[in-house]
Amino acid sequence: MFLQQLLNGIMIGSVYALTAMGATLIYGILRILDIANAGAYVAGAYFGWFIYFKTGNLILAFLISMAATGLIGVLLHRFIYAPILSKPRILPIVPLVASVGLFTLSGDLARLIAGPGTKAYNVDFGTEVINIGKLTVVPAWILIIVLTALLFTILWLILNRTKLGLAWRATAEDSDIAQAMGVNTNSAMALSYILGYGFAAAAGIMVGILYNSITPALGEVPSYKMLSIIVLGGLGSPVGTVIAGLFIGLAETMFSAYNLAFIPKDSIAFIVLILVLLIKPSGLISKSNNI
Amino acid sequence: MKKLLALILSLAMIFAFTACAPKEAPAPSEPGPAEEPAKTEPIRIGFFAPVTSPAASADGLSAENSAKLAVKLVNEAGGINGRMVELVNYDDGLDTTQAVSIAEKLTTKDNVVAVVSGSYSGPTRVAAPIIQNAGMVMVSAYAVHPDVVNAGDFIFSQSFPGKVQGKAGAEFAVKTLGAKKIAIIAVDLDFGTELANTFTAHAEANGAKVVSVDKVAISDNEFTAIITKLKEKVQPDLIYIANYYAHAAEVVKQCKLQGLNVPILGTEGADSWQFLLTAGEHANGVYLTTNMNRDDVSTTTQEYITRYREEYNMEPDMVGASAYDAFQVLFEAIRQVGTDDPAAMRDAIAGLKDFSTVTGKLIKYTENGEAVKAVQIQQVVDGKFTSKGEITDLDIITPSAK
């Protein structure tokens, strides 16, 4: 049973990490908590569903949905976040409020355009389950774990092996100095939004396939849970976010598996968060040893 | 700066007010105190449902569609006693604060003769006392919480309360399916708690044992860990799921995938086309306790199902049928006593006997305003809800006093 629960936990944790990655990348550069990332997750799930429904091609659904959602991210940054942040002495709460508004809008748009009812992906993997000894593996889990690993590898390569990634890291370190050194901080910000919103879209599709249902309320839990994951991961650290996502996924799974206490499962992420803030306020991986 | 803030706040207030303005009928001009409405004027009936709450909007839409259909059909048939019916339609957004202001408006400004709630227990139970205090009749379509009807003698429920459904579920699980070791999974809301508690009490009184209870937040769709635990440690011989369709679909799917092959008994929360859509073939074999029987050959039921499909091009569900029936209860009372005297309307509803509705025969009302009607047992066969009989034992289906 322990092995099975470990696998369950890694699968959930992968989804969490992917969901929170967008917010991490954006926080890393802009220092704003972008709740609207959960809206990108909703938008991505619906785009993906629509394309899969029309073409029956899952790869196409992922690619187009991630690109479209990433583009929306860039536009939102260009026309909403950038004008807000360019005002002198802006309070950090202003972009936060804007992002909450955008998130609320995403759920209502989904309801108005696609209707309030549940949509199902109904992806046919050919086989229902794969049994390895006593371990049960559902094909969707393999898809999720492999795809998450693939996306994180691509992310790592972009951030560490490309010029754009260097610009991102320099901007995340200190955007004023980076700009003074001739780094194009605007393209670093655009990169954050393309990757951040694209990842959220991929996470949305995966959750849609995993639970075979998407509704306008899809983003509600990620909208707050991702906060605890990014803080836990050390605010702005991609590696920290992966570790924190897996950690919360495993903690929640073990919690419901062994009935550790009678509190809602969703509160675990926040209990862990409080403990971390008390013991190690900089998060599991602090900014100084970023990436 | 202060001026700007004041401006923003007042704008926000205006939006807050317009957000709960009636969507259908324009507000009537303030009636003069001595003015008696002429008998040819339409009968205005208030209605609210959670249409814009992302979490509940599918049920909200279903209830709202059915409310409109009920009014449309009664008007097609010439109205009630020669008067047309008009719907005063609100959206509560599954928000109790909004439900309070809707109840205030319905009772003071909208000139309605009675109210139907097409909403969940939360909004309905805060609206109920306000409507009761105004001396107006309200019929709740499907809210299960006891506080709804406990608000007073003007408040009725169209459906059986949660305690009856839980008890009927236990009766079926223990006596018909022979369950001895039962695991419960319930949504952590009034709905799930009420059903799980009453199910447990009746199942244990009949010799079965409830070996585990897992409460899950409505926003949580992750059941893998719970099903693994049930399969490897708890090993129940039946799973009772007091959850809505999204949860129910995920539970049955995980059970099938992980190879936990025991009977699953759900509730009216899963009585929706959305359950069949998301659970797919995994839904086959699942039992439900509900108030709707799609196989019912009565013309009332079949007319509703046919017309609903025609009007909205989608499948009707328990929520919609219940909202439709709440209107039928009200229409019948108005047919009998008119709209002038709310107390007479109340007595007419309380006195209904063997009244035929879409969701079966309403046998009578208890003193507390709860409907006594048979609990339907349905099973999913080949992707369709199919009747597996009904529980008609009056000892089970008559709600105990409050």
# chains A, B, ... in the order shown; residues from 1 in each chain; ligands from 1
>>> residues_around(residues="region 64-80 of chain B", least_positions_apart="5", cutoff="8 Å", atoms="only C-alpha atoms", output="list in words")
Phe47, Phe48, Ala49, Val51, Val85, Glu86, Leu87, Gly118, Tyr308, Tyr312, Gly320, Ala321, Ala323, Tyr324, Phe327, Gln328, Phe331, Ile334 and Arg335 of chain B
>>> write_last_selection(atoms="C-alpha atoms", output="tab-separated table (two decimals), in the first residue's frame")
chain	number	residue	atom	x	y	z
B	47	PHE	CA	-37.44	32.21	-7.83
B	48	PHE	CA	-33.73	31.97	-7.11
B	49	ALA	CA	-30.98	29.53	-8.12
B	51	VAL	CA	-26.74	30.42	-11.79
B	85	VAL	CA	-47.90	33.29	-14.44
B	86	GLU	CA	-44.81	35.46	-14.44
B	87	LEU	CA	-41.41	34.47	-13.09
B	118	GLY	CA	-34.04	26.33	-6.77
B	308	TYR	CA	-37.13	19.74	-21.38
B	312	TYR	CA	-32.92	23.07	-24.01
B	320	GLY	CA	-34.37	20.38	-12.61
B	321	ALA	CA	-37.22	17.95	-12.03
B	323	ALA	CA	-37.53	22.68	-9.28
B	324	TYR	CA	-40.27	21.94	-11.80
B	327	PHE	CA	-43.77	25.01	-9.08
B	328	GLN	CA	-46.42	22.31	-9.57
B	331	PHE	CA	-49.63	26.06	-8.90
B	334	ILE	CA	-53.12	28.66	-6.24
B	335	ARG	CA	-55.62	26.71	-8.34
>>> interface_residues(of="chain A", to="chain B", cutoff="10 Å", atoms="only C-alpha atoms", output="JSON, numbers by chain")
{"A": [1, 2, 4, 5, 6, 7, 8, 9, 12, 104, 107, 108, 110, 111, 112, 115, 116, 117, 118, 119, 120, 121, 122, 128, 129, 130, 131, 135, 136, 137, 138, 207, 210, 211, 212, 213, 214, 215, 216, 217, 218, 219, 220, 221, 222, 252, 253, 254, 255, 256, 257, 258, 259, 262, 263, 264, 265, 266]}
>>> closest_residue(among="A:Gly233, A:Gly182, A:Gly204, A:Pro139", to="Tyr46 (chain A)", atoms="only C-alpha atoms")
A:Gly204
>>> closest_residue(among="A:Leu91, A:Val123, A:Ala180, A:Ile279", to="Leu58 (chain A)", atoms="only C-alpha atoms")
A:Val123
>>> residues_around(residues="region 134-148 of chain B", least_positions_apart="3", cutoff="9 Å", atoms="only C-alpha atoms", output="count of residues only")
56
>>> closest_residue(among="A:Tyr81, A:Trp141, A:Trp168, A:Phe199", to="Thr19 (chain A)", atoms="only C-alpha atoms")
A:Phe199
>>> residues_around(residues="Asn291 (chain B)", least_positions_apart="2", cutoff="10 Å", atoms="only C-alpha atoms", output="ChimeraX atom specification")
/B:142,159-160,165,267-268,271,288-289,293-294,318-319,321-322,358-360,373-378,390
>>> residues_around(residues="region 190-193 of chain A", least_positions_apart="2", cutoff="6 Å", atoms="only C-alpha atoms", output="list in words")
Leu25, Ile26, Gly73, Val74, Ser187, Ala188, Leu195, Gly196 and Tyr197 of chain A
>>> write_last_selection(atoms="N, CA, C and O atoms", output="PDB file, in the first residue's frame")
ATOM      1  N   LEU A  25       7.634  31.565 -11.877  1.00  0.00           N
ATOM      2  CA  LEU A  25       8.420  32.270 -12.891  1.00  0.00           C
ATOM      3  C   LEU A  25       8.054  33.752 -12.909  1.00  0.00           C
ATOM      4  O   LEU A  25       8.910  34.619 -13.055  1.00  0.00           O
ATOM      5  N   ILE A  26       6.765  34.047 -12.749  1.00  0.00           N
ATOM      6  CA  ILE A  26       6.334  35.440 -12.795  1.00  0.00           C
ATOM      7  C   ILE A  26       6.774  36.178 -11.529  1.00  0.00           C
ATOM      8  O   ILE A  26       7.257  37.307 -11.590  1.00  0.00           O
ATOM      9  N   GLY A  73      -0.974  35.379 -21.876  1.00  0.00           N
ATOM     10  CA  GLY A  73      -0.135  35.864 -20.792  1.00  0.00           C
ATOM     11  C   GLY A  73       0.677  37.082 -21.212  1.00  0.00           C
ATOM     12  O   GLY A  73       0.742  38.091 -20.493  1.00  0.00           O
ATOM     13  N   VAL A  74       1.288  36.989 -22.391  1.00  0.00           N
ATOM     14  CA  VAL A  74       2.103  38.106 -22.877  1.00  0.00           C
ATOM     15  C   VAL A  74       1.235  39.355 -23.053  1.00  0.00           C
ATOM     16  O   VAL A  74       1.620  40.467 -22.662  1.00  0.00           O
ATOM     17  N   SER A 187      12.132  41.261 -22.594  1.00  0.00           N
ATOM     18  CA  SER A 187      11.987  39.921 -23.162  1.00  0.00           C
ATOM     19  C   SER A 187      12.044  38.875 -22.054  1.00  0.00           C
ATOM     20  O   SER A 187      11.406  37.827 -22.152  1.00  0.00           O
ATOM     21  N   ALA A 188      12.767  39.161 -20.972  1.00  0.00           N
ATOM     22  CA  ALA A 188      12.769  38.228 -19.842  1.00  0.00           C
ATOM     23  C   ALA A 188      11.379  38.137 -19.232  1.00  0.00           C
ATOM     24  O   ALA A 188      10.911  37.058 -18.857  1.00  0.00           O
ATOM     25  N   LEU A 195       6.104  31.108 -20.690  1.00  0.00           N
ATOM     26  CA  LEU A 195       6.349  29.834 -20.017  1.00  0.00           C
ATOM     27  C   LEU A 195       5.346  29.630 -18.890  1.00  0.00           C
ATOM     28  O   LEU A 195       4.754  28.574 -18.746  1.00  0.00           O
ATOM     29  N   GLY A 196       5.152  30.694 -18.095  1.00  0.00           N
ATOM     30  CA  GLY A 196       4.280  30.583 -16.921  1.00  0.00           C
ATOM     31  C   GLY A 196       2.861  30.208 -17.308  1.00  0.00           C
ATOM     32  O   GLY A 196       2.277  29.268 -16.772  1.00  0.00           O
ATOM     33  N   TYR A 197       2.292  30.924 -18.268  1.00  0.00           N
ATOM     34  CA  TYR A 197       0.911  30.650 -18.669  1.00  0.00           C
ATOM     35  C   TYR A 197       0.823  29.359 -19.473  1.00  0.00           C
ATOM     36  O   TYR A 197      -0.147  28.615 -19.367  1.00  0.00           O
TER      37      TYR A 197
END
>>> residues_around(residues="Gly198 (chain A)", least_positions_apart="5", cutoff="12 Å", atoms="only C-alpha atoms", output="ChimeraX atom specification")
/A:18-23,25,37-45,47-48,62-74,151,155,190-193,203-205
>>> residues_around(residues="region 169-180 of chain B", least_positions_apart="3", cutoff="9 Å", atoms="only C-alpha atoms", output="NGL selection string")
:B and (164-166 or 195 or 198-204 or 206-210 or 236-238 or 240 or 263 or 265-267 or 288-289 or 375 or 377 or 391 or 396)
>>> select_by_dssp(residues="region 106-280 of chain A", states="helix (DSSP H, G or I)", output="PyMOL selection string")
chain A and resi 106-114+139-161+163-173+175-180+185-210+220-232+238-258+265-279
>>> write_last_selection(atoms="C-alpha atoms", output="CSV table (one decimal), in the first residue's frame")
chain,number,residue,atom,x,y,z
A,106,SER,CA,-11.6,33.6,-16.3
A,107,GLY,CA,-14.1,31.4,-14.4
A,108,ASP,CA,-17.1,33.5,-15.6
A,109,LEU,CA,-15.8,33.7,-19.2
A,110,ALA,CA,-15.5,29.9,-19.2
A,111,ARG,CA,-19.1,29.6,-17.9
A,112,LEU,CA,-20.5,32.1,-20.4
A,113,ILE,CA,-18.7,30.8,-23.4
A,114,ALA,CA,-18.6,27.1,-22.8
A,139,PRO,CA,-1.9,5.4,-18.2
A,140,ALA,CA,-2.9,9.0,-17.5
A,141,TRP,CA,-0.5,9.0,-14.5
A,142,ILE,CA,2.4,8.0,-16.8
A,143,LEU,CA,1.4,10.8,-19.2
A,144,ILE,CA,1.4,13.3,-16.4
A,145,ILE,CA,4.6,12.3,-14.7
A,146,VAL,CA,6.5,12.0,-18.0
A,147,LEU,CA,5.2,15.2,-19.5
A,148,THR,CA,5.9,17.1,-16.3
A,149,ALA,CA,9.5,15.8,-16.3
A,150,LEU,CA,9.8,16.7,-19.9
A,151,LEU,CA,8.5,20.3,-19.5
A,152,PHE,CA,10.8,20.8,-16.5
A,153,THR,CA,13.8,19.6,-18.4
A,154,ILE,CA,12.9,22.0,-21.2
A,155,LEU,CA,12.5,24.8,-18.6
A,156,TRP,CA,15.9,24.0,-17.0
A,157,LEU,CA,17.6,24.0,-20.5
A,158,ILE,CA,16.0,27.4,-21.4
A,159,LEU,CA,16.9,29.0,-18.1
A,160,ASN,CA,20.5,27.6,-17.9
A,161,ARG,CA,21.6,27.0,-21.5
A,163,LYS,CA,20.9,33.7,-23.6
A,164,LEU,CA,17.2,34.3,-22.9
A,165,GLY,CA,17.5,32.2,-19.8
A,166,LEU,CA,20.6,34.1,-18.7
A,167,ALA,CA,18.6,37.3,-19.1
A,168,TRP,CA,15.8,35.8,-17.1
A,169,ARG,CA,18.2,34.9,-14.2
A,170,ALA,CA,19.9,38.3,-14.3
A,171,THR,CA,16.5,40.1,-14.2
A,172,ALA,CA,15.3,37.8,-11.4
A,173,GLU,CA,18.5,38.7,-9.5
A,175,SER,CA,16.2,43.9,-12.7
A,176,ASP,CA,17.7,47.5,-12.4
A,177,ILE,CA,21.3,46.3,-12.6
A,178,ALA,CA,20.4,43.8,-15.3
A,179,GLN,CA,18.9,46.6,-17.3
A,180,ALA,CA,21.9,48.9,-16.7
A,185,THR,CA,14.4,42.8,-19.2
A,186,ASN,CA,11.2,43.1,-21.3
A,187,SER,CA,12.0,39.9,-23.2
A,188,ALA,CA,12.8,38.2,-19.8
A,189,MET,CA,9.3,39.3,-18.6
A,190,ALA,CA,7.7,38.1,-21.8
A,191,LEU,CA,9.5,34.8,-21.3
A,192,SER,CA,8.1,34.5,-17.8
A,193,TYR,CA,4.5,34.9,-19.1
A,194,ILE,CA,4.8,32.6,-22.1
A,195,LEU,CA,6.3,29.8,-20.0
A,196,GLY,CA,4.3,30.6,-16.9
A,197,TYR,CA,0.9,30.6,-18.7
A,198,GLY,CA,1.9,27.8,-21.0
A,199,PHE,CA,2.8,25.6,-18.1
A,200,ALA,CA,-0.4,26.5,-16.3
A,201,ALA,CA,-2.3,25.5,-19.5
A,202,ALA,CA,-0.5,22.1,-19.7
A,203,ALA,CA,-1.4,21.5,-16.0
A,204,GLY,CA,-5.0,22.4,-16.7
A,205,ILE,CA,-5.2,19.9,-19.6
A,206,MET,CA,-3.6,17.2,-17.4
A,207,VAL,CA,-6.0,17.7,-14.6
A,208,GLY,CA,-8.9,17.7,-17.2
A,209,ILE,CA,-7.7,14.3,-18.5
A,210,LEU,CA,-6.9,12.9,-15.0
A,220,GLU,CA,-10.6,27.6,-7.5
A,221,VAL,CA,-8.3,25.2,-5.6
A,222,PRO,CA,-5.1,26.0,-7.5
A,223,SER,CA,-5.7,29.7,-7.0
A,224,TYR,CA,-4.9,29.4,-3.3
A,225,LYS,CA,-2.9,26.2,-3.1
A,226,MET,CA,-0.3,27.4,-5.6
A,227,LEU,CA,0.4,30.3,-3.2
A,228,SER,CA,1.4,28.0,-0.5
A,229,ILE,CA,3.5,25.9,-2.9
A,230,ILE,CA,5.5,28.9,-4.3
A,231,VAL,CA,6.1,30.3,-0.8
A,232,LEU,CA,7.2,26.9,0.4
A,238,PRO,CA,11.8,26.9,-10.0
A,239,VAL,CA,13.7,24.0,-8.3
A,240,GLY,CA,12.1,24.9,-5.0
A,241,THR,CA,8.7,24.8,-6.6
A,242,VAL,CA,9.2,21.3,-7.9
A,243,ILE,CA,10.3,20.1,-4.5
A,244,ALA,CA,7.5,21.9,-2.8
A,245,GLY,CA,4.8,20.6,-5.2
A,246,LEU,CA,6.0,17.0,-4.8
A,247,PHE,CA,6.2,17.5,-1.0
A,248,ILE,CA,2.6,18.8,-0.7
A,249,GLY,CA,1.3,16.1,-3.1
A,250,LEU,CA,2.9,13.4,-1.0
A,251,ALA,CA,1.9,14.9,2.3
A,252,GLU,CA,-1.8,15.2,1.2
A,253,THR,CA,-1.8,11.6,-0.1
A,254,MET,CA,-0.3,10.1,3.0
A,255,PHE,CA,-2.6,12.2,5.0
A,256,SER,CA,-5.8,10.8,3.4
A,257,ALA,CA,-4.3,7.3,3.3
A,258,TYR,CA,-3.5,7.0,7.0
A,265,LYS,CA,-7.0,17.8,3.3
A,266,ASP,CA,-6.7,21.1,1.5
A,267,SER,CA,-5.5,22.7,4.8
A,268,ILE,CA,-2.4,20.6,4.8
A,269,ALA,CA,-0.6,22.8,2.3
A,270,PHE,CA,-1.2,25.7,4.6
A,271,ILE,CA,-0.2,23.9,7.8
A,272,VAL,CA,3.1,23.0,6.1
A,273,LEU,CA,3.4,26.6,5.0
A,274,ILE,CA,3.0,27.9,8.5
A,275,LEU,CA,5.5,25.5,9.9
A,276,VAL,CA,8.0,26.4,7.2
A,277,LEU,CA,7.5,30.1,7.8
A,278,LEU,CA,8.1,29.6,11.5
A,279,ILE,CA,11.2,27.4,11.0
>>> atom_distance(atom1="CA of Val234 (chain B)", atom2="CA of Ile185 (chain B)")
12.7 Å
>>> atom_distance(atom1="CA of Gly369 (chain B)", atom2="CA of Pro399 (chain B)")
10.0 Å
>>> atom_distance(atom1="CA of Pro123 (chain B)", atom2="CA of Ser400 (chain B)")
23.9 Å
>>> select_by_dssp(residues="region 157-301 of chain B", states="strand (DSSP E)", output="PDB file with C-alpha atoms, in the first residue's frame")
ATOM      1  CA  SER B 157     -39.923  21.246   0.786  1.00  0.00           C
ATOM      2  CA  LYS B 181     -19.047  -3.606   6.286  1.00  0.00           C
ATOM      3  CA  ILE B 182     -19.735  -0.209   4.785  1.00  0.00           C
ATOM      4  CA  ALA B 183     -17.316   2.561   3.865  1.00  0.00           C
ATOM      5  CA  ILE B 184     -18.743   6.071   3.527  1.00  0.00           C
ATOM      6  CA  ILE B 185     -17.320   8.865   1.416  1.00  0.00           C
ATOM      7  CA  ALA B 186     -19.154  12.156   1.863  1.00  0.00           C
ATOM      8  CA  VAL B 187     -18.800  15.704   0.654  1.00  0.00           C
ATOM      9  CA  LYS B 209     -21.081  -1.681  10.522  1.00  0.00           C
ATOM     10  CA  VAL B 210     -19.775   1.567   9.077  1.00  0.00           C
ATOM     11  CA  VAL B 211     -16.045   0.904   9.011  1.00  0.00           C
ATOM     12  CA  SER B 212     -14.734   4.174   7.613  1.00  0.00           C
ATOM     13  CA  VAL B 213     -15.930   7.684   6.862  1.00  0.00           C
ATOM     14  CA  ASP B 214     -13.963   9.976   4.559  1.00  0.00           C
ATOM     15  CA  LYS B 215     -15.088  13.595   4.253  1.00  0.00           C
ATOM     16  CA  VAL B 216     -13.916  15.383   1.141  1.00  0.00           C
ATOM     17  CA  LEU B 238     -20.212  -1.628   0.022  1.00  0.00           C
ATOM     18  CA  ILE B 239     -19.297   2.001  -0.548  1.00  0.00           C
ATOM     19  CA  TYR B 240     -21.854   4.713   0.157  1.00  0.00           C
ATOM     20  CA  ILE B 241     -21.085   8.011  -1.555  1.00  0.00           C
ATOM     21  CA  ALA B 242     -22.966  11.078  -0.330  1.00  0.00           C
ATOM     22  CA  ILE B 264     -21.494   1.392  -4.836  1.00  0.00           C
ATOM     23  CA  LEU B 265     -24.548   3.260  -3.620  1.00  0.00           C
ATOM     24  CA  GLY B 266     -24.801   6.964  -4.407  1.00  0.00           C
ATOM     25  CA  TYR B 287     -27.005   2.390  -7.485  1.00  0.00           C
ATOM     26  CA  LEU B 288     -28.565   5.718  -6.504  1.00  0.00           C
ATOM     27  CA  THR B 289     -31.240   6.886  -4.112  1.00  0.00           C
ATOM     28  CA  THR B 290     -33.028   9.814  -5.710  1.00  0.00           C
TER      29      THR B 290
END
